[in-house]
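Participant: File coords31.csv below, CSV, C-alpha atoms:
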```csv
chain,number,residue,atom,x,y,z
A,654,MET,CA,10.6,19.3,4.6
A,655,LYS,CA,7.3,18.4,3.2
A,656,SER,CA,4.6,17.1,5.6
A,657,LYS,CA,3.6,13.5,4.9
A,658,ALA,CA,0.7,11.1,5.5
A,659,VAL,CA,0.2,7.4,4.7
A,660,ILE,CA,-3.1,5.6,4.3
A,661,ILE,CA,-2.8,1.9,5.2
A,662,PRO,CA,-5.9,0.0,4.0
A,663,ALA,CA,-6.5,-3.0,6.3
A,664,ALA,CA,-10.0,-4.1,5.3
A,665,GLY,CA,-8.9,-7.1,3.2
A,666,SER,CA,-10.2,-10.5,4.1
A,667,GLY,CA,-8.1,-13.5,5.1
A,668,THR,CA,-10.0,-15.9,2.8
A,669,ARG,CA,-7.1,-16.8,0.6
A,670,LEU,CA,-5.0,-17.4,3.7
A,671,GLY,CA,-7.6,-19.8,4.9
A,672,SER,CA,-8.4,-17.6,7.9
A,673,ASP,CA,-11.6,-16.2,9.3
A,674,VAL,CA,-9.6,-13.2,10.6
A,675,PRO,CA,-8.8,-10.3,8.2
A,676,LYS,CA,-5.2,-10.8,7.1
A,677,ALA,CA,-4.0,-7.5,8.6
A,678,PHE,CA,-4.8,-8.8,12.0
A,679,ILE,CA,-3.0,-12.1,11.7
A,680,GLU,CA,0.2,-12.4,13.8
A,681,VAL,CA,3.6,-12.9,12.3
A,682,SER,CA,6.3,-13.7,14.8
A,683,GLY,CA,4.5,-12.1,17.7
A,684,LYS,CA,3.1,-9.0,16.0
A,685,THR,CA,0.0,-8.4,13.8
A,686,ILE,CA,0.8,-7.8,10.1
A,687,LEU,CA,-0.9,-4.3,10.5
A,688,GLN,CA,1.3,-3.4,13.5
A,689,ARG,CA,4.4,-4.2,11.5
A,690,SER,CA,3.2,-2.1,8.5
A,691,ILE,CA,2.5,0.9,10.7
A,692,GLU,CA,5.9,0.6,12.4
A,693,CYS,CA,7.5,1.0,8.9
A,694,PHE,CA,6.2,4.6,8.7
A,695,LEU,CA,6.3,5.9,12.3
A,696,ASN,CA,9.8,7.2,12.1
A,697,ILE,CA,9.8,8.7,8.6
A,698,ASP,CA,10.9,12.4,8.7
A,699,GLY,CA,7.9,14.7,8.2
A,700,MET,CA,5.3,12.0,8.9
A,701,MET,CA,2.3,13.8,10.2
A,702,GLN,CA,-0.6,11.3,9.9
A,703,ILE,CA,-1.2,7.6,9.6
A,704,ILE,CA,-4.7,6.6,8.6
A,705,ILE,CA,-6.0,3.0,8.7
A,706,PRO,CA,-9.3,2.1,7.0
A,707,ALA,CA,-10.4,-1.0,8.8
A,708,PRO,CA,-13.4,-3.5,8.7
A,709,LYS,CA,-16.3,-2.2,10.7
A,710,ASN,CA,-16.1,-5.0,13.2
A,711,TYR,CA,-12.4,-4.6,13.7
A,712,ILE,CA,-12.3,-0.9,14.3
A,713,SER,CA,-11.9,-1.2,18.0
A,714,THR,CA,-9.1,-3.8,17.6
A,715,CYS,CA,-7.4,-1.4,15.2
A,716,LYS,CA,-7.7,1.5,17.6
A,717,ARG,CA,-6.1,-0.7,20.3
A,718,ILE,CA,-3.2,-1.5,18.1
A,719,CYS,CA,-2.8,2.2,17.3
A,720,SER,CA,-3.0,3.2,21.0
A,721,GLU,CA,0.0,0.9,21.7
A,722,LEU,CA,2.0,2.7,19.0
A,723,GLU,CA,1.2,6.3,19.9
A,724,SER,CA,3.7,8.8,18.7
A,725,ARG,CA,4.2,12.4,19.9
A,726,SER,CA,4.7,13.5,16.3
A,727,VAL,CA,2.4,11.3,14.3
A,728,SER,CA,-1.4,11.1,14.5
A,729,LEU,CA,-2.8,7.6,14.2
A,730,GLU,CA,-6.4,7.5,13.0
A,731,VAL,CA,-8.9,4.7,12.2
A,732,VAL,CA,-11.7,5.0,9.7
A,733,GLU,CA,-14.2,2.5,8.4
A,734,GLY,CA,-13.2,0.7,5.3
A,735,GLY,CA,-15.4,0.3,2.2
A,736,ALA,CA,-16.6,-2.6,0.1
A,737,GLU,CA,-13.6,-2.1,-2.3
A,738,ARG,CA,-10.0,-1.1,-1.6
A,739,GLN,CA,-10.5,2.1,-3.6
A,740,TYR,CA,-13.5,3.2,-1.4
A,741,SER,CA,-11.5,2.4,1.7
A,742,ILE,CA,-8.7,4.7,0.6
A,743,TRP,CA,-11.2,7.5,-0.4
A,744,ASN,CA,-12.5,7.3,3.2
A,745,GLY,CA,-8.9,7.9,4.3
A,746,ILE,CA,-8.3,10.7,1.9
A,747,LYS,CA,-11.4,12.5,3.3
A,748,VAL,CA,-9.8,12.8,6.7
A,749,LEU,CA,-6.3,14.0,5.6
A,750,ASN,CA,-4.9,16.8,7.6
A,751,SER,CA,-5.1,20.1,5.7
A,752,GLY,CA,-1.3,20.6,6.2
A,753,VAL,CA,-0.4,17.3,4.5
A,754,GLU,CA,1.5,17.8,1.2
A,755,LEU,CA,2.6,14.2,0.2
A,756,VAL,CA,0.3,11.2,0.6
A,757,ALA,CA,1.4,7.5,0.5
A,758,VAL,CA,-0.8,4.5,0.2
A,759,HIS,CA,0.6,1.2,1.5
A,760,ASP,CA,-1.0,-2.2,1.7
A,761,ALA,CA,-1.3,-3.4,5.3
A,762,ALA,CA,-0.4,-6.8,3.9
A,763,ARG,CA,3.2,-5.6,3.0
A,764,PRO,CA,4.8,-5.5,6.5
A,765,PHE,CA,8.4,-5.5,5.4
A,766,VAL,CA,9.0,-2.4,3.4
A,767,LYS,CA,12.4,-0.8,4.2
A,768,GLU,CA,12.6,2.7,5.3
A,769,GLU,CA,15.1,3.6,2.6
A,770,PHE,CA,12.5,2.7,-0.1
A,771,ILE,CA,9.8,4.7,1.6
A,772,VAL,CA,12.0,7.8,1.7
A,773,SER,CA,12.9,7.3,-1.9
A,774,CYS,CA,9.3,7.1,-2.9
A,775,PHE,CA,8.5,10.4,-1.0
A,776,LYS,CA,11.4,12.1,-2.6
A,777,THR,CA,10.5,11.0,-6.1
A,778,ALA,CA,6.8,12.0,-5.7
A,779,ASP,CA,7.9,15.4,-4.4
A,780,GLU,CA,10.0,15.9,-7.6
A,781,PHE,CA,7.8,14.1,-10.1
A,782,GLY,CA,4.2,14.1,-8.8
A,783,GLY,CA,3.9,10.4,-8.3
A,784,ALA,CA,6.0,7.4,-7.3
A,785,VAL,CA,5.5,3.6,-7.3
A,786,LEU,CA,7.8,1.2,-5.5
A,787,GLY,CA,8.3,-1.9,-7.6
A,788,ILE,CA,10.7,-4.5,-9.1
A,789,PRO,CA,11.4,-5.6,-12.7
A,790,VAL,CA,9.5,-8.8,-13.5
A,791,LYS,CA,11.8,-11.9,-13.6
A,792,ASP,CA,9.5,-14.3,-15.4
A,793,THR,CA,8.2,-14.3,-18.9
A,794,ILE,CA,4.7,-12.8,-19.1
A,795,LYS,CA,2.0,-14.0,-21.5
A,796,GLU,CA,-1.0,-12.1,-22.6
A,797,VAL,CA,-3.8,-14.6,-23.3
A,798,LYS,CA,-7.3,-14.7,-24.8
A,799,GLU,CA,-10.4,-15.7,-23.0
A,800,ASN,CA,-9.9,-19.3,-24.1
A,801,LEU,CA,-6.4,-19.2,-22.7
A,802,GLU,CA,-4.7,-19.2,-26.1
A,803,VAL,CA,-1.5,-17.2,-26.0
A,804,LYS,CA,-2.1,-13.8,-27.7
A,805,ASN,CA,1.2,-12.1,-27.1
A,806,THR,CA,4.5,-12.1,-25.2
A,807,PRO,CA,5.3,-8.6,-24.0
A,808,GLU,CA,9.0,-7.5,-23.9
A,809,ARG,CA,10.0,-8.3,-20.4
A,810,SER,CA,12.6,-5.5,-20.1
A,811,SER,CA,9.8,-2.9,-20.0
A,812,LEU,CA,7.7,-4.7,-17.4
A,813,TRP,CA,7.7,-4.0,-13.7
A,814,GLN,CA,5.8,-5.5,-10.8
A,815,ALA,CA,4.1,-2.7,-8.8
A,816,GLN,CA,4.3,-2.8,-5.1
A,817,THR,CA,3.5,-0.2,-2.4
A,818,PRO,CA,4.0,2.4,-1.1
A,819,GLN,CA,2.6,4.5,-3.9
A,820,VAL,CA,3.2,8.2,-3.2
A,821,PHE,CA,1.6,11.3,-4.7
A,822,THR,CA,1.3,15.0,-4.1
A,823,LYS,CA,-1.9,15.6,-2.2
A,824,ASP,CA,-3.7,17.5,-4.9
A,825,LEU,CA,-2.9,14.8,-7.5
A,826,ILE,CA,-4.2,11.9,-5.5
A,827,VAL,CA,-7.3,13.8,-4.4
A,828,ASP,CA,-8.1,14.7,-8.0
A,829,ALA,CA,-7.5,11.2,-9.3
A,830,TYR,CA,-9.7,9.6,-6.7
A,831,ARG,CA,-12.5,12.2,-7.1
A,832,SER,CA,-12.5,11.7,-10.9
A,833,ALA,CA,-12.6,7.9,-10.5
A,834,LEU,CA,-15.5,8.0,-8.1
A,835,GLU,CA,-17.5,10.5,-10.2
A,836,GLU,CA,-17.0,8.3,-13.3
A,837,GLU,CA,-17.5,5.0,-11.4
A,838,PHE,CA,-14.0,3.8,-12.5
A,839,LEU,CA,-12.3,1.0,-10.4
A,840,GLY,CA,-8.6,0.9,-10.9
A,841,THR,CA,-6.2,-1.9,-10.1
A,842,ASP,CA,-4.0,0.4,-8.0
A,843,ASP,CA,-3.6,4.0,-7.0
A,844,ALA,CA,-1.2,4.8,-9.8
A,845,SER,CA,-3.7,3.6,-12.4
A,846,LEU,CA,-6.2,6.3,-11.1
A,847,VAL,CA,-3.5,9.0,-11.4
A,848,GLU,CA,-2.4,7.8,-14.9
A,849,ARG,CA,-6.0,8.1,-16.2
A,850,ILE,CA,-6.0,11.8,-15.5
A,851,ASP,CA,-2.6,12.2,-17.1
A,852,GLY,CA,-0.6,12.5,-13.9
A,853,LYS,CA,3.0,11.5,-14.0
A,854,VAL,CA,4.2,8.5,-12.1
A,855,LYS,CA,7.8,7.2,-11.8
A,856,MET,CA,8.9,3.8,-10.7
A,857,VAL,CA,11.3,3.4,-7.7
A,858,MET,CA,13.4,0.3,-7.3
A,859,GLY,CA,12.4,-1.9,-4.3
A,860,ASP,CA,13.1,-5.5,-3.5
A,861,SER,CA,11.4,-8.8,-3.2
A,862,GLU,CA,11.4,-8.8,0.6
A,863,ASN,CA,8.5,-6.4,0.3
A,864,LEU,CA,6.1,-9.2,-0.4
A,865,LYS,CA,2.3,-9.0,-0.2
A,866,ILE,CA,1.0,-11.6,2.2
A,867,THR,CA,-1.9,-13.3,0.3
A,868,TYR,CA,-1.5,-17.1,0.5
A,869,PRO,CA,-0.4,-19.5,3.2
A,870,VAL,CA,3.0,-19.9,1.6
A,871,ASP,CA,3.5,-16.1,2.0
A,872,LEU,CA,2.9,-16.4,5.7
A,873,LYS,CA,5.8,-18.9,5.9
A,874,MET,CA,8.0,-16.6,4.0
A,875,ALA,CA,6.9,-13.7,6.3
A,876,GLU,CA,7.9,-15.6,9.4
A,877,THR,CA,11.4,-16.1,7.9
A,878,ILE,CA,11.8,-12.4,7.0
A,879,ALA,CA,10.5,-11.4,10.5
A,880,GLU,CA,13.3,-13.3,12.1
A,881,GLY,CA,15.7,-10.9,10.5
A,882,TRP,CA,13.7,-7.8,11.3
A,883,ASN,CA,13.3,-8.9,15.0
A,884,GLU,CA,17.1,-9.2,15.5
```
Once more with this new file: its structure as structure tokens, please.
Facilitator:
Amino acid sequence: MKSKAVIIPAAGSGTRLGSDVPKAFIEVSGKTILQRSIECFLNIDGMMQIIIPAPKNYISTCKRICSELESRSVSLEVVEGGAERQYSIWNGIKVLNSGVELVAVHDAARPFVKEEFIVSCFKTADEFGGAVLGIPVKDTIKEVKENLEVKNTPERSSLWQAQTPQVFTKDLIVDAYRSALEEEFLGTDDASLVERIDGKVKMVMGDSENLKITYPVDLKMAETIAEGWNE
């Protein structure tokens, strides 16, 4: 069994949620969003290390949450987040245990990812190099010009909405992040950094319950989903 780690960036603000508290530290049905996200990975076979890049002024709060979730087999570590998500993840990569072979990145704001999907992503990354959880888009997508004139309508059958976790072999994600930082490239997700160095990435089917909490309406949906998870 390959040894695994996950980096869960939790440095995002709660501005679009209308909150002064970073969204990872907002509670949903009695638990912080971050706690719920960490719990999704605690019992994954082979999980060695969970790393949380957190805002500087929330590091102590994050460490307290981790202390309440201590596991005999999993090391929970907190590092300071960066100004951009990409820099936060790089801070996490720098403290990866030397024995880790597969590395996942998962948004703290996605607290309802099912274990079966996490396992599938790790398995696919082990076989293929990289894996991204996602779902096919269900709406028609329009490419537009700067003046909002429609430029093109891409074929929907080939379009997927990327989620997290995104999982890679350790060497691949380290090389991808190092290259991006050296060339001052900012990607939209982890897979985009891997793609630009010609790494292979395969999509893994997920579901819509793995929502990213961004807006107030997402919090309402999260409360509904949490009721099922708490049962």
Participant: Given the choices A:Leu755, A:Met856, A:Ile826, A:Ala762, which gets closest to A:Met701 if the distance is worked out from all atoms listed in the file?
Facilitator: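 Closest to A:Met701, using all atoms listed in the file: A:Leu755.
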Participant: Quick one: everything within 7 Å of A:Phe678, counting only C-alpha atoms, minus sequence neighbours fewer than 5 positions away in the same chain. Send it as a list in words.
Facilitator: Thr685, Ile686 and Leu687 of chain A
Participant: Quick one: residues within 7 Å of A:Ala664, all atoms listed in the file, excluding same-chain residues fewer than 5 positions away - as a list of chain:residue names?
Facilitator: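 Contacts, with the query itself left out: A:Pro675, A:Pro706, A:Ala707, A:Pro708, A:Gly734.
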Participant: Determine the nearest neighbour of A:Lys676 from the options A:Gln702, A:Ser726, A:Thr867, A:Asn696, counting only C-alpha atoms.
Facilitator: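 Closest to A:Lys676 of all the choices is A:Thr867.
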Participant: Atom CA of A:Ile771 and atom CA of A:Ala784 are how many Å apart?
Facilitator: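 Distance reported for this atom pair: 10.0 Å.
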Participant: So how far away is atom CA of A:Gly735 from atom CA of A:Leu839, in Å?
Facilitator: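 A separation of 13.0 Å between them.
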Participant: Would you please work out which residue, of A:Ser656, A:Gln814, A:Gln688, A:Thr777, is nearest to A:Thr714 when using all atoms listed in the file?
Facilitator: A:Gln688
Participant: Pick out the closest residue to A:Lys767 from this set: A:Leu834, A:Ile661, A:Ile878, A:Leu812. Count only C-alpha atoms.
Facilitator: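 Nearest candidate to A:Lys767 out of A:Leu834, A:Ile661, A:Ile878, A:Leu812: A:Ile878.
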Participant: Take atom CA of A:Asp851 and atom CA of A:Asp828 and report the distance between them in Å, one decimal.
Facilitator: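 Atom CA of A:Asp851 sits 10.9 Å away from atom CA of A:Asp828.
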Participant: Using all atoms listed in the file, can you tell me which of A:Gly699, A:Thr822, A:Ile704, A:Lys795 comes closest to A:Phe781?
Facilitator: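 For A:Phe781, the nearest of the candidates is A:Thr822.
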Participant: Can you pull out the residues contacting A:Leu729? Cut-off 9 Å, using all atoms listed in the file, and skip same-chain residues under 5 positions away; I want them as a PyMOL selection string.
Facilitator: chain A and resi 701-705+716+719-720+722-724
Participant: Just write the chosen residues, C-alpha atoms, as a PDB file, in the frame of the given file.
Facilitator:
```pdb
ATOM      1  CA  MET A 701       2.300  13.800  10.200  1.00  0.00           C
ATOM      2  CA  GLN A 702      -0.600  11.300   9.900  1.00  0.00           C
ATOM      3  CA  ILE A 703      -1.200   7.600   9.600  1.00  0.00           C
ATOM      4  CA  ILE A 704      -4.700   6.600   8.600  1.00  0.00           C
ATOM      5  CA  ILE A 705      -6.000   3.000   8.700  1.00  0.00           C
ATOM      6  CA  LYS A 716      -7.700   1.500  17.600  1.00  0.00           C
ATOM      7  CA  CYS A 719      -2.800   2.200  17.300  1.00  0.00           C
ATOM      8  CA  SER A 720      -3.000   3.200  21.000  1.00  0.00           C
ATOM      9  CA  LEU A 722       2.000   2.700  19.000  1.00  0.00           C
ATOM     10  CA  GLU A 723       1.200   6.300  19.900  1.00  0.00           C
ATOM     11  CA  SER A 724       3.700   8.800  18.700  1.00  0.00           C
TER      12      SER A 724
END
```
Participant: Which residue out of A:Ser741, A:Ser773, A:Thr793, A:Ser751 has the minimum interatomic distance to A:Lys709 when only C-alpha atoms are used?
Facilitator: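 Looking only at the distances to A:Lys709, the closest residue turns out to be A:Ser741.
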Participant: Hey, what's within 12 Å of A:Asp792 if we count all atoms listed in the file and toss same-chain stuff fewer than 3 positions away? As a list in words, please?
Facilitator: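 Within the cut-off, the hits are Ile788, Pro789, Lys795, Thr806, Pro807, Glu808, Arg809, Ser810, Leu812, Trp813 and Gln814 of chain A.
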Participant: Skip A:Met700 itself and residues of its chain fewer than 6 positions away, then list as number ranges by chain all residues within 12 Å of it, counting only C-alpha atoms.
Facilitator: A: 654-660, 691-694, 724-729, 750, 752-757, 771-772, 775
